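J.: Quick one: structure below, then a few questions.
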Amino acid sequence: RLLMIVGVSFGACLLVVLTQGWHGKHSLDHDLSGAQKLHAKPVPRVGGVGLVVGLLMAGFASFMAHGDSYPATLTLLTCATPVFLAGFIEDLTKRVSVRTRLLSSFVSAGLAVWLLGAQMTSVDTPGLDTLLQQVPLAAALLTVFIVGGITHSVNIIDGLNGLAGGAVSIMLAGLATLAWMQGDWLVMKLCLWGIAGLLGFMLLNYPFGKIFLGDGGAYLAGFWLAECAILLVARNPKVSAWTALLCCLYPVLETCYSMFRRHIIHKVPSGLPDMAHMHQLLYKWLKARAPKAHWPHWLSHGLTSVKIWIVVALCQLVAVGTPQQTGLHITAIVVTVCFYAVVHRALWANDESQVQAMVT
């Protein structure tokens, strides 16, 4: 079944690539000079279609096999419809505001709370847990905020070939393993369906970048990741919310640090786009040291993504290798945050020095 999902997702993405001459006016990313653009030629940015088709196939295949996962799969995909459509329409028109997309992610999260009971009732924090358990509305609002935040954070890391798709796949693998350890086959299957749908897309996205996730695909992948994490914690009290956070840490950390960097350090609006995300700085650092005559553009993308995947995978290993060790997982989160900050500052200083040298 997993291979079927991979194949269907790949087929949908391949069809998009082969027919881009027909729809390229709307689907190609023609903006090569934007603040966060690192690609060299127009590429279709509607790879989210492959993920949608793959997840639909997962639900259909489960239904045909009389499995028990298809209601949750199709219901979760239904809940994801508002945020996916907001992103997909933005991919085609460039006219959907950030506020509208944010609100759509909240609507999708609210639907999941209502239809699937995907709600945080414990975050392993004294005082806050009492509030969440005694005030259901507070638990629902916190859940909506968390899901919306993770959904948008995946869109932020979607800037290099394979980076977002590979990172989300690795994070879903960590959550799937935790679900398996708890005997939660439903959440494990939801994670595996997401991985399979992303792998079909990745076959064309990594490393050569023949198609991009786009906002629609990134939002759908982020929403699926967030809901799998929420469901895992909500259905399995032995799994700490801190453990789930460790699994999903990279995009959340990238988003929070970017807001801190822009608003606190540089005194600019936190939503202002720039070229100072970790993956962008690392990409430029690698390009500056590459033998230009022998290092194609796609290779810099690929190597940068792999370096970040390693950090993401290490977080999963700690979470899975030390189950129910909440204190250790909190320590791992703190260490990762400190490591990120140190590396980012070093790359940022190096990038500034290169700019000054060019000006001089």
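Labeling convention for the structure tokens: chains A, B, ... as they appear, residues from 1 per chain, ligands from 1 in order of appearance.
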Pick out the residues sitting within 7 Å of Ser270 of chain A, and hand them over as a PDB file with all heavy atoms, in the first residue's frame; count only C-alpha atoms, and ignore anything fewer than 3 positions along from it in its own chain.
T.:
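Contents of the output file selection-v1.pdb:
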```pdb
ATOM      1  N   MET A 259      11.546  35.148  14.133  1.00  0.00           N
ATOM      2  CA  MET A 259      10.754  36.237  14.704  1.00  0.00           C
ATOM      3  C   MET A 259      11.575  37.014  15.740  1.00  0.00           C
ATOM      4  O   MET A 259      11.556  38.249  15.760  1.00  0.00           O
ATOM      5  CB  MET A 259       9.479  35.672  15.340  1.00  0.00           C
ATOM      6  CG  MET A 259       8.521  35.054  14.341  1.00  0.00           C
ATOM      7  SD  MET A 259       7.117  34.225  15.114  1.00  0.00           S
ATOM      8  CE  MET A 259       6.296  35.617  15.883  1.00  0.00           C
ATOM      9  N   ARG A 262      14.352  39.081  13.873  1.00  0.00           N
ATOM     10  CA  ARG A 262      13.866  40.253  13.144  1.00  0.00           C
ATOM     11  C   ARG A 262      13.336  41.328  14.092  1.00  0.00           C
ATOM     12  O   ARG A 262      13.671  42.503  13.968  1.00  0.00           O
ATOM     13  CB  ARG A 262      12.756  39.829  12.173  1.00  0.00           C
ATOM     14  CG  ARG A 262      13.237  38.966  11.016  1.00  0.00           C
ATOM     15  CD  ARG A 262      12.068  38.304  10.308  1.00  0.00           C
ATOM     16  NE  ARG A 262      12.486  37.504   9.168  1.00  0.00           N
ATOM     17  CZ  ARG A 262      11.697  36.645   8.543  1.00  0.00           C
ATOM     18  NH1 ARG A 262      10.447  36.489   8.950  1.00  0.00           N
ATOM     19  NH2 ARG A 262      12.144  35.948   7.523  1.00  0.00           N
ATOM     20  N   HIS A 263      12.498  40.900  15.032  1.00  0.00           N
ATOM     21  CA  HIS A 263      11.800  41.873  15.879  1.00  0.00           C
ATOM     22  C   HIS A 263      12.685  42.422  16.999  1.00  0.00           C
ATOM     23  O   HIS A 263      12.663  43.634  17.272  1.00  0.00           O
ATOM     24  CB  HIS A 263      10.546  41.229  16.477  1.00  0.00           C
ATOM     25  CG  HIS A 263       9.653  42.194  17.199  1.00  0.00           C
ATOM     26  ND1 HIS A 263       8.958  43.199  16.554  1.00  0.00           N
ATOM     27  CD2 HIS A 263       9.349  42.321  18.516  1.00  0.00           C
ATOM     28  CE1 HIS A 263       8.269  43.894  17.446  1.00  0.00           C
ATOM     29  NE2 HIS A 263       8.497  43.377  18.642  1.00  0.00           N
TER      30      HIS A 263
END
```
J.: Using only C-alpha atoms, what table do you get, as JSON lines, when you list each residue of segment 156-211 of chain A with an atom no more than 9 Å from segment 228-233 of chain A, its nearest pair of atoms, and their distance in Å rounded to one decimal, rows by chain then rising number?
T.:
```
{"residue": "A:Leu172", "atom": "CA", "partner": "A:Cys228", "partner_atom": "CA", "distance": 7.8}
{"residue": "A:Leu175", "atom": "CA", "partner": "A:Ala229", "partner_atom": "CA", "distance": 6.7}
{"residue": "A:Ala176", "atom": "CA", "partner": "A:Cys228", "partner_atom": "CA", "distance": 8.6}
{"residue": "A:Leu178", "atom": "CA", "partner": "A:Leu232", "partner_atom": "CA", "distance": 8.2}
{"residue": "A:Ala179", "atom": "CA", "partner": "A:Leu232", "partner_atom": "CA", "distance": 6.5}
{"residue": "A:Asp184", "atom": "CA", "partner": "A:Leu232", "partner_atom": "CA", "distance": 7.9}
{"residue": "A:Val187", "atom": "CA", "partner": "A:Cys228", "partner_atom": "CA", "distance": 6.3}
{"residue": "A:Met188", "atom": "CA", "partner": "A:Cys228", "partner_atom": "CA", "distance": 8.5}
{"residue": "A:Leu190", "atom": "CA", "partner": "A:Cys228", "partner_atom": "CA", "distance": 6.9}
{"residue": "A:Cys191", "atom": "CA", "partner": "A:Cys228", "partner_atom": "CA", "distance": 6.5}
```
J.: Suppose we keep all heavy atoms; can you now write the selection as a short mmCIF file (atom, residue, chain, number, x, y, z; two decimals), in the first residue's frame?
T.:
```
data_model
loop_
_atom_site.label_atom_id
_atom_site.label_comp_id
_atom_site.auth_asym_id
_atom_site.auth_seq_id
_atom_site.Cartn_x
_atom_site.Cartn_y
_atom_site.Cartn_z
N LEU A 172 7.91 12.80 10.68
CA LEU A 172 6.79 11.86 10.70
C LEU A 172 7.27 10.45 11.03
O LEU A 172 6.58 9.69 11.71
CB LEU A 172 6.08 11.86 9.35
CG LEU A 172 5.16 13.05 9.06
CD1 LEU A 172 4.66 13.01 7.62
CD2 LEU A 172 3.97 13.07 10.02
N LEU A 175 7.57 10.30 14.78
CA LEU A 175 6.25 10.17 15.39
C LEU A 175 5.66 8.79 15.15
O LEU A 175 5.01 8.21 16.03
CB LEU A 175 5.31 11.25 14.83
CG LEU A 175 5.67 12.71 15.16
CD1 LEU A 175 4.73 13.65 14.42
CD2 LEU A 175 5.61 12.96 16.67
N ALA A 176 5.88 8.25 13.94
CA ALA A 176 5.36 6.91 13.63
C ALA A 176 5.99 5.86 14.54
O ALA A 176 5.31 4.93 15.00
CB ALA A 176 5.63 6.57 12.16
N LEU A 178 7.21 6.34 17.58
CA LEU A 178 6.63 6.51 18.92
C LEU A 178 5.22 5.90 18.98
O LEU A 178 4.85 5.27 19.97
CB LEU A 178 6.58 7.99 19.28
CG LEU A 178 7.93 8.66 19.58
CD1 LEU A 178 7.76 10.17 19.70
CD2 LEU A 178 8.55 8.09 20.85
N ALA A 179 4.44 6.12 17.92
CA ALA A 179 3.09 5.54 17.88
C ALA A 179 3.16 4.01 17.88
O ALA A 179 2.38 3.34 18.57
CB ALA A 179 2.35 6.04 16.64
N ASP A 184 -0.25 2.38 18.91
CA ASP A 184 -1.27 3.23 18.30
C ASP A 184 -1.15 3.11 16.78
O ASP A 184 -0.47 3.89 16.12
CB ASP A 184 -1.09 4.68 18.74
CG ASP A 184 -2.28 5.57 18.37
OD1 ASP A 184 -2.99 5.22 17.42
OD2 ASP A 184 -2.48 6.59 19.05
N VAL A 187 -2.39 6.32 14.42
CA VAL A 187 -1.45 7.44 14.25
C VAL A 187 -0.23 6.98 13.45
O VAL A 187 0.29 7.72 12.61
CB VAL A 187 -1.03 8.01 15.62
CG1 VAL A 187 0.07 9.06 15.45
CG2 VAL A 187 -2.23 8.62 16.33
N MET A 188 0.22 5.75 13.69
CA MET A 188 1.35 5.24 12.92
C MET A 188 1.03 5.22 11.43
O MET A 188 1.85 5.64 10.60
CB MET A 188 1.71 3.83 13.39
CG MET A 188 2.98 3.29 12.72
SD MET A 188 3.25 1.53 13.08
CE MET A 188 2.00 0.76 12.03
N LEU A 190 -1.25 7.06 9.83
CA LEU A 190 -1.37 8.43 9.33
C LEU A 190 0.01 9.01 9.03
O LEU A 190 0.20 9.71 8.02
CB LEU A 190 -2.11 9.29 10.35
CG LEU A 190 -3.60 9.02 10.54
CD1 LEU A 190 -4.16 9.87 11.67
CD2 LEU A 190 -4.38 9.26 9.26
N CYS A 191 0.96 8.73 9.91
CA CYS A 191 2.33 9.20 9.68
C CYS A 191 2.93 8.55 8.43
O CYS A 191 3.56 9.22 7.60
CB CYS A 191 3.22 8.91 10.89
SG CYS A 191 2.81 9.83 12.39
#
```
J.: Residues of segment 53-172 of chain A that approach segment 243-258 of chain A to 8 Å or less, counting only C-alpha atoms: could you list each one with the shortest pair of atoms and its distance in Å to one decimal, rows by chain and increasing residue number, as JSON lines?
T.:
```
{"residue": "A:Gly149", "atom": "CA", "partner": "A:Val252", "partner_atom": "CA", "distance": 7.5}
{"residue": "A:Ile150", "atom": "CA", "partner": "A:Val252", "partner_atom": "CA", "distance": 6.2}
{"residue": "A:Ser153", "atom": "CA", "partner": "A:Pro251", "partner_atom": "CA", "distance": 5.1}
{"residue": "A:Val154", "atom": "CA", "partner": "A:Pro251", "partner_atom": "CA", "distance": 5.6}
{"residue": "A:Ile156", "atom": "CA", "partner": "A:Thr255", "partner_atom": "CA", "distance": 7.0}
{"residue": "A:Ile157", "atom": "CA", "partner": "A:Pro251", "partner_atom": "CA", "distance": 6.4}
{"residue": "A:Met171", "atom": "CA", "partner": "A:Cys247", "partner_atom": "CA", "distance": 5.6}
```
J.: Measuring atom to atom with only C-alpha atoms, identify which of A:Leu347, A:Ala109, A:Leu115, A:Trp242 is nearest to Ile333 of chain A.
T.: A:Trp242
J.: What parts of segment 117-204 of chain A does DSSP call helix (DSSP H, G or I)? I'd like the answer as a ChimeraX atom specification.
T.: /A:128-134,136-156,163-182,185-204
J.: So that I can see what lies close to Thr143 of chain A, please list as an MDAnalysis selection string the residues with an atom at most 12 Å from it, counting only C-alpha atoms and leaving out residues fewer than 6 positions away in the same chain.
T.: chainID A and resid 105:114 117:123 132 136:137 149:150 223 226:227 229:231 233:234 241
J.: Could you please determine the separation between atom CA of Ala167 of chain A and atom CA of His344 of chain A in Å, to one decimal place?
T.: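 Those two atoms sit 18.4 Å apart.
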J.: Name the residues in contact with Trp348 of chain A at a cut-off of 12 Å, using only C-alpha atoms, excluding same-chain residues fewer than 2 positions from it; report them as a ChimeraX atom specification.
T.: /A:261,275-285,340-346,350-355
J.: With only C-alpha atoms counted and 12 Å as the cut-off, give the residues of segment 179-260 of chain A in contact with segment 42-60 of chain A, each with its shortest interatomic distance in Å and the pair that gives it, as CSV.
T.:
```
residue,atom,partner,partner_atom,distance
A:Lys189,CA,A:Ala58,CA,9.3
A:Leu190,CA,A:Ala58,CA,9.0
A:Cys191,CA,A:Leu55,CA,10.6
A:Leu192,CA,A:Ala58,CA,9.6
A:Trp193,CA,A:Leu55,CA,6.3
A:Gly194,CA,A:Leu55,CA,6.9
A:Ile195,CA,A:Leu51,CA,9.3
A:Ala196,CA,A:Gly54,CA,7.4
A:Gly197,CA,A:Leu51,CA,4.7
A:Leu198,CA,A:Leu51,CA,5.9
A:Leu199,CA,A:Leu51,CA,8.9
A:Gly200,CA,A:Gly50,CA,7.2
A:Phe201,CA,A:Gly50,CA,6.1
A:Met202,CA,A:Gly47,CA,9.3
A:Leu203,CA,A:Gly50,CA,11.0
A:Leu204,CA,A:Gly47,CA,9.3
A:Asn205,CA,A:Gly47,CA,8.6
A:Phe208,CA,A:Val43,CA,10.7
A:Gly209,CA,A:Val43,CA,7.6
A:Lys210,CA,A:Val43,CA,6.3
A:Ile211,CA,A:Pro44,CA,5.1
A:Phe212,CA,A:Arg45,CA,4.4
A:Leu213,CA,A:Gly47,CA,4.2
A:Gly214,CA,A:Arg45,CA,4.5
A:Asp215,CA,A:Arg45,CA,7.9
A:Gly216,CA,A:Gly48,CA,5.6
A:Gly217,CA,A:Gly48,CA,3.4
A:Ala218,CA,A:Gly48,CA,7.1
A:Tyr219,CA,A:Gly48,CA,8.7
A:Leu220,CA,A:Gly48,CA,7.3
A:Ala221,CA,A:Leu51,CA,7.9
A:Gly222,CA,A:Gly48,CA,11.3
A:Trp224,CA,A:Leu55,CA,10.2
```
J.: Filtering to N, CA and C atoms, could you give me those residues as an mmCIF file, in the first residue's frame?
T.:
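selection-v1.cif, written as the output of this step:
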```cif
data_model
loop_
_atom_site.group_PDB
_atom_site.id
_atom_site.type_symbol
_atom_site.label_atom_id
_atom_site.label_comp_id
_atom_site.auth_asym_id
_atom_site.auth_seq_id
_atom_site.Cartn_x
_atom_site.Cartn_y
_atom_site.Cartn_z
ATOM 1 N N LYS A 189 -0.167 4.767 11.077
ATOM 2 C CA LYS A 189 -0.548 4.722 9.668
ATOM 3 C C LYS A 189 -0.671 6.123 9.082
ATOM 4 N N LEU A 190 -1.248 7.057 9.825
ATOM 5 C CA LEU A 190 -1.369 8.428 9.328
ATOM 6 C C LEU A 190 0.011 9.014 9.028
ATOM 7 N N CYS A 191 0.964 8.732 9.910
ATOM 8 C CA CYS A 191 2.333 9.203 9.683
ATOM 9 C C CYS A 191 2.928 8.546 8.433
ATOM 10 N N LEU A 192 2.742 7.251 8.302
ATOM 11 C CA LEU A 192 3.293 6.539 7.152
ATOM 12 C C LEU A 192 2.658 6.991 5.845
ATOM 13 N N TRP A 193 1.331 7.275 5.869
ATOM 14 C CA TRP A 193 0.687 7.779 4.651
ATOM 15 C C TRP A 193 1.315 9.116 4.244
ATOM 16 N N GLY A 194 1.559 9.981 5.233
ATOM 17 C CA GLY A 194 2.185 11.269 4.939
ATOM 18 C C GLY A 194 3.578 11.112 4.364
ATOM 19 N N ILE A 195 4.358 10.189 4.928
ATOM 20 C CA ILE A 195 5.714 9.942 4.419
ATOM 21 C C ILE A 195 5.658 9.453 2.977
ATOM 22 N N ALA A 196 4.762 8.500 2.709
ATOM 23 C CA ALA A 196 4.660 7.941 1.360
ATOM 24 C C ALA A 196 4.255 9.010 0.346
ATOM 25 N N GLY A 197 3.278 9.858 0.711
ATOM 26 C CA GLY A 197 2.867 10.929 -0.189
ATOM 27 C C GLY A 197 3.999 11.902 -0.475
ATOM 28 N N LEU A 198 4.795 12.199 0.540
ATOM 29 C CA LEU A 198 5.923 13.117 0.354
ATOM 30 C C LEU A 198 7.043 12.475 -0.455
ATOM 31 N N LEU A 199 7.262 11.168 -0.285
ATOM 32 C CA LEU A 199 8.329 10.504 -1.028
ATOM 33 C C LEU A 199 8.053 10.511 -2.531
ATOM 34 N N GLY A 200 6.790 10.361 -2.908
ATOM 35 C CA GLY A 200 6.450 10.442 -4.333
ATOM 36 C C GLY A 200 6.812 11.801 -4.902
ATOM 37 N N PHE A 201 6.534 12.850 -4.156
ATOM 38 C CA PHE A 201 6.926 14.204 -4.553
ATOM 39 C C PHE A 201 8.439 14.365 -4.573
ATOM 40 N N MET A 202 9.113 13.795 -3.571
ATOM 41 C CA MET A 202 10.561 13.952 -3.447
ATOM 42 C C MET A 202 11.324 13.346 -4.618
ATOM 43 N N LEU A 203 10.761 12.347 -5.251
ATOM 44 C CA LEU A 203 11.444 11.722 -6.384
ATOM 45 C C LEU A 203 11.695 12.714 -7.511
ATOM 46 N N LEU A 204 10.880 13.750 -7.607
ATOM 47 C CA LEU A 204 11.065 14.782 -8.623
ATOM 48 C C LEU A 204 11.619 16.084 -8.048
ATOM 49 N N ASN A 205 11.518 16.231 -6.746
ATOM 50 C CA ASN A 205 11.989 17.461 -6.126
ATOM 51 C C ASN A 205 13.448 17.401 -5.713
ATOM 52 N N PHE A 208 17.151 17.527 -7.982
ATOM 53 C CA PHE A 208 17.212 18.410 -9.147
ATOM 54 C C PHE A 208 16.142 19.497 -9.165
ATOM 55 N N GLY A 209 15.166 19.438 -8.282
ATOM 56 C CA GLY A 209 14.179 20.506 -8.177
ATOM 57 C C GLY A 209 13.301 20.671 -9.394
ATOM 58 N N LYS A 210 12.704 19.574 -9.868
ATOM 59 C CA LYS A 210 11.822 19.650 -11.028
ATOM 60 C C LYS A 210 10.426 20.160 -10.661
ATOM 61 N N ILE A 211 10.100 20.124 -9.376
ATOM 62 C CA ILE A 211 8.812 20.610 -8.903
ATOM 63 C C ILE A 211 8.979 21.023 -7.441
ATOM 64 N N PHE A 212 8.221 22.034 -7.018
ATOM 65 C CA PHE A 212 8.268 22.521 -5.642
ATOM 66 C C PHE A 212 6.953 22.198 -4.928
ATOM 67 N N LEU A 213 7.010 22.129 -3.586
ATOM 68 C CA LEU A 213 5.792 21.930 -2.804
ATOM 69 C C LEU A 213 4.822 23.086 -2.973
ATOM 70 N N GLY A 214 5.354 24.309 -3.007
ATOM 71 C CA GLY A 214 4.501 25.480 -3.026
ATOM 72 C C GLY A 214 3.859 25.688 -1.663
ATOM 73 N N ASP A 215 3.131 26.777 -1.530
ATOM 74 C CA ASP A 215 2.470 27.056 -0.256
ATOM 75 C C ASP A 215 1.426 25.986 0.079
ATOM 76 N N GLY A 216 0.670 25.558 -0.918
ATOM 77 C CA GLY A 216 -0.353 24.549 -0.673
ATOM 78 C C GLY A 216 0.245 23.261 -0.128
ATOM 79 N N GLY A 217 1.303 22.778 -0.765
ATOM 80 C CA GLY A 217 1.942 21.546 -0.324
ATOM 81 C C GLY A 217 2.613 21.692 1.031
ATOM 82 N N ALA A 218 3.282 22.820 1.244
ATOM 83 C CA ALA A 218 3.964 23.046 2.522
ATOM 84 C C ALA A 218 2.961 23.135 3.666
ATOM 85 N N TYR A 219 1.850 23.845 3.431
ATOM 86 C CA TYR A 219 0.823 23.953 4.469
ATOM 87 C C TYR A 219 0.190 22.597 4.760
ATOM 88 N N LEU A 220 -0.067 21.819 3.727
ATOM 89 C CA LEU A 220 -0.663 20.501 3.939
ATOM 90 C C LEU A 220 0.304 19.594 4.697
ATOM 91 N N ALA A 221 1.580 19.606 4.306
ATOM 92 C CA ALA A 221 2.570 18.781 5.002
ATOM 93 C C ALA A 221 2.706 19.215 6.460
ATOM 94 N N GLY A 222 2.734 20.530 6.690
ATOM 95 C CA GLY A 222 2.843 21.035 8.059
ATOM 96 C C GLY A 222 1.622 20.693 8.890
ATOM 97 N N TRP A 224 -0.449 18.161 8.403
ATOM 98 C CA TRP A 224 -0.463 16.715 8.638
ATOM 99 C C TRP A 224 0.510 16.359 9.770
#
```
